[in-house]
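In what follows, a single structure is set out as C-alpha coordinates and then discussed.
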Amino acid sequence: MTTFFERPHRNDMVVFDTRLGLAVLDVVDSVKAPAARLVVAELQRRTMKTTDGYAARDALSHPLFTALATDREAQDFRALLHVCAFVAGMLPLGLDSQPATALRTSERVVRWSLDHPERACTIGQG
(Lines give C-alpha, C1' and ligand atoms only; values in the text may rest on other atoms or scores of the structure.)
Protein backbone atom coordinates (compact mmCIF):
# COMPACT_ATOMS: atom_id res chain seq x y z
CA MET A 1 0.00 0.00 0.00
CA THR A 2 2.88 2.34 0.77
CA THR A 3 4.19 1.85 -2.77
CA PHE A 4 0.89 3.00 -4.21
CA PHE A 5 0.63 6.15 -2.10
CA GLU A 6 4.29 7.10 -2.48
CA ARG A 7 4.45 6.65 -6.25
CA PRO A 8 4.94 10.03 -7.88
CA HIS A 9 1.98 11.03 -9.99
CA ARG A 10 2.77 10.88 -13.72
CA ASN A 11 0.16 11.43 -16.40
CA ASP A 12 1.67 8.73 -18.61
CA MET A 13 1.34 6.13 -15.83
CA VAL A 14 -2.25 6.74 -14.72
CA VAL A 15 -3.63 3.45 -16.07
CA PHE A 16 -0.81 1.50 -14.41
CA ASP A 17 -1.33 3.43 -11.17
CA THR A 18 -5.06 2.74 -11.34
CA ARG A 19 -4.49 -0.96 -11.74
CA LEU A 20 -1.95 -0.90 -8.91
CA GLY A 21 -4.52 0.83 -6.70
CA LEU A 22 -7.16 -1.73 -7.66
CA ALA A 23 -4.71 -4.53 -6.85
CA VAL A 24 -4.24 -2.93 -3.43
CA LEU A 25 -8.02 -3.03 -3.01
CA ASP A 26 -7.95 -6.72 -3.93
CA VAL A 27 -5.46 -7.33 -1.13
CA VAL A 28 -7.44 -5.25 1.38
CA ASP A 29 -10.67 -6.98 0.27
CA SER A 30 -12.91 -5.29 2.82
CA VAL A 31 -15.15 -2.25 2.74
CA LYS A 32 -14.49 -1.89 6.47
CA ALA A 33 -10.75 -1.32 6.10
CA PRO A 34 -10.01 2.43 6.47
CA ALA A 35 -7.08 2.14 4.08
CA ALA A 36 -9.42 0.97 1.30
CA ARG A 37 -11.35 4.24 1.38
CA LEU A 38 -8.03 6.14 1.18
CA VAL A 39 -7.07 4.15 -1.93
CA VAL A 40 -10.42 4.97 -3.57
CA ALA A 41 -9.98 8.67 -2.78
CA GLU A 42 -6.46 8.63 -4.24
CA LEU A 43 -7.63 6.81 -7.37
CA GLN A 44 -10.33 9.45 -7.76
CA ARG A 45 -7.84 12.29 -7.37
CA ARG A 46 -5.34 10.88 -9.85
CA THR A 47 -7.91 9.87 -12.45
CA MET A 48 -9.77 13.17 -12.42
CA LYS A 49 -6.50 15.10 -12.54
CA THR A 50 -5.51 13.35 -15.78
CA THR A 51 -9.08 12.93 -17.10
CA ASP A 52 -8.20 9.41 -18.24
CA GLY A 53 -11.23 7.46 -19.40
CA TYR A 54 -9.43 4.11 -19.34
CA ALA A 55 -8.57 4.57 -15.66
CA ALA A 56 -12.15 5.56 -14.87
CA ARG A 57 -13.49 2.54 -16.73
CA ASP A 58 -11.14 0.17 -14.89
CA ALA A 59 -12.04 1.65 -11.51
CA LEU A 60 -15.79 1.50 -12.12
CA SER A 61 -15.50 -2.17 -13.07
CA HIS A 62 -13.95 -3.05 -9.71
CA PRO A 63 -16.56 -4.13 -7.13
CA LEU A 64 -14.73 -2.82 -4.05
CA PHE A 65 -14.05 0.53 -5.71
CA THR A 66 -17.73 0.95 -6.56
CA ALA A 67 -18.75 -0.15 -3.06
CA LEU A 68 -16.49 2.46 -1.46
CA ALA A 69 -16.78 5.34 -3.91
CA THR A 70 -19.03 8.17 -2.88
CA ASP A 71 -21.98 8.99 -5.09
CA ARG A 72 -20.11 12.08 -6.29
CA GLU A 73 -16.95 10.08 -7.14
CA ALA A 74 -18.92 7.50 -9.09
CA GLN A 75 -20.84 10.26 -10.87
CA ASP A 76 -17.58 12.02 -11.79
CA PHE A 77 -16.18 8.79 -13.23
CA ARG A 78 -19.35 8.09 -15.24
CA ALA A 79 -19.26 11.66 -16.57
CA LEU A 80 -15.62 11.15 -17.58
CA LEU A 81 -16.59 7.96 -19.43
CA HIS A 82 -19.29 9.89 -21.25
CA VAL A 83 -16.91 12.70 -22.23
CA CYS A 84 -14.38 10.15 -23.49
CA ALA A 85 -17.18 8.47 -25.50
CA PHE A 86 -16.72 5.12 -23.73
CA VAL A 87 -20.43 4.92 -23.02
CA ALA A 88 -21.54 5.74 -26.54
CA GLY A 89 -19.73 2.88 -28.23
CA MET A 90 -18.89 5.14 -31.14
CA LEU A 91 -16.59 7.98 -32.04
CA PRO A 92 -17.79 11.54 -31.52
CA LEU A 93 -19.35 13.22 -34.54
CA GLY A 94 -16.77 14.69 -36.86
CA LEU A 95 -14.09 12.22 -35.82
CA ASP A 96 -15.71 9.11 -37.22
CA SER A 97 -14.29 9.58 -40.73
CA GLN A 98 -10.67 10.11 -39.65
CA PRO A 99 -9.79 6.46 -38.95
CA ALA A 100 -11.31 5.38 -42.28
CA THR A 101 -9.36 8.06 -44.13
CA ALA A 102 -6.13 7.02 -42.40
CA LEU A 103 -6.74 3.37 -43.29
CA ARG A 104 -7.40 4.18 -46.95
CA THR A 105 -4.22 6.27 -47.12
CA SER A 106 -2.10 3.58 -45.48
CA GLU A 107 -3.57 0.93 -47.78
CA ARG A 108 -2.60 3.00 -50.83
CA VAL A 109 0.95 3.47 -49.48
CA VAL A 110 1.36 -0.24 -48.73
CA ARG A 111 0.03 -1.27 -52.16
CA TRP A 112 2.26 1.28 -53.92
CA SER A 113 5.33 0.11 -51.97
CA LEU A 114 4.61 -3.51 -52.93
CA ASP A 115 4.37 -2.50 -56.57
CA HIS A 116 7.56 -0.36 -56.37
CA PRO A 117 9.90 -2.07 -53.88
CA GLU A 118 12.93 -0.26 -55.27
CA ARG A 119 11.39 3.10 -54.30
CA ALA A 120 9.50 2.09 -51.15
CA CYS A 121 12.29 3.26 -48.83
CA THR A 122 12.06 6.80 -50.16
CA ILE A 123 8.45 7.40 -49.13
CA GLY A 124 8.24 10.47 -46.94
CA GLN A 125 11.83 11.51 -47.62
CA GLY A 126 10.89 14.23 -50.04
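Order determines the names: the first chain of the C-alpha coordinates is A, the second B, and so forth; residues in each chain are numbered 1 upward, and ligands are numbered 1 upward as they are shown.
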Range 22-34 of chain A environment, 7 Å, only C-alpha atoms, sequence neighbours closer than 6 positions dropped, as a ChimeraX atom specification: /A:1,64,68
Keeping only N, CA, C and O atoms, write those residues as a CSV table (one decimal), in the first residue's frame.
chain,number,residue,atom,x,y,z
A,1,MET,N,0.8,-1.2,0.0
A,1,MET,CA,0.0,0.0,0.0
A,1,MET,C,0.9,1.3,0.0
A,1,MET,O,0.5,2.2,-0.7
A,64,LEU,N,-15.0,-3.5,-5.3
A,64,LEU,CA,-14.7,-2.8,-4.0
A,64,LEU,C,-14.6,-1.3,-4.3
A,64,LEU,O,-15.0,-0.5,-3.4
A,68,LEU,N,-17.1,1.4,-2.3
A,68,LEU,CA,-16.5,2.5,-1.5
A,68,LEU,C,-16.6,3.9,-2.0
A,68,LEU,O,-16.5,4.9,-1.3
Range 73-80 of chain A: which residues within 12 Å, counting only C-alpha atoms, same-chain residues fewer than 2 positions away excluded, as a PyMOL selection string? chain A and resi 37+40-62+65-71+82-88
Enumerate as a PyMOL selection string all residues of chain A assigned to helix (DSSP H, G or I) by DSSP on the backbone, naming them with the chain letters and numbers the document uses. chain A and resi 2-6+11-28+34-50+53-60+63-68+71-83+97-115+120-122
Expressed in Å to a single decimal, how great is the separation between CA of Arg7 in chain A and CA of Leu81 in chain A? 24.9 Å
Using only C-alpha atoms, which residue out of A:Pro117, A:Ala35, A:Ala100, A:Glu107 lies closest to Gly21 in chain A? A:Ala35
Give me, please, the distance in Å between CA of Val39 in chain A and CA of Thr2 in chain A, quoted to one decimal. 10.5 Å
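Relative to CA of Thr101 in chain A, CA of His116 in chain A is found at 22.5 Å.
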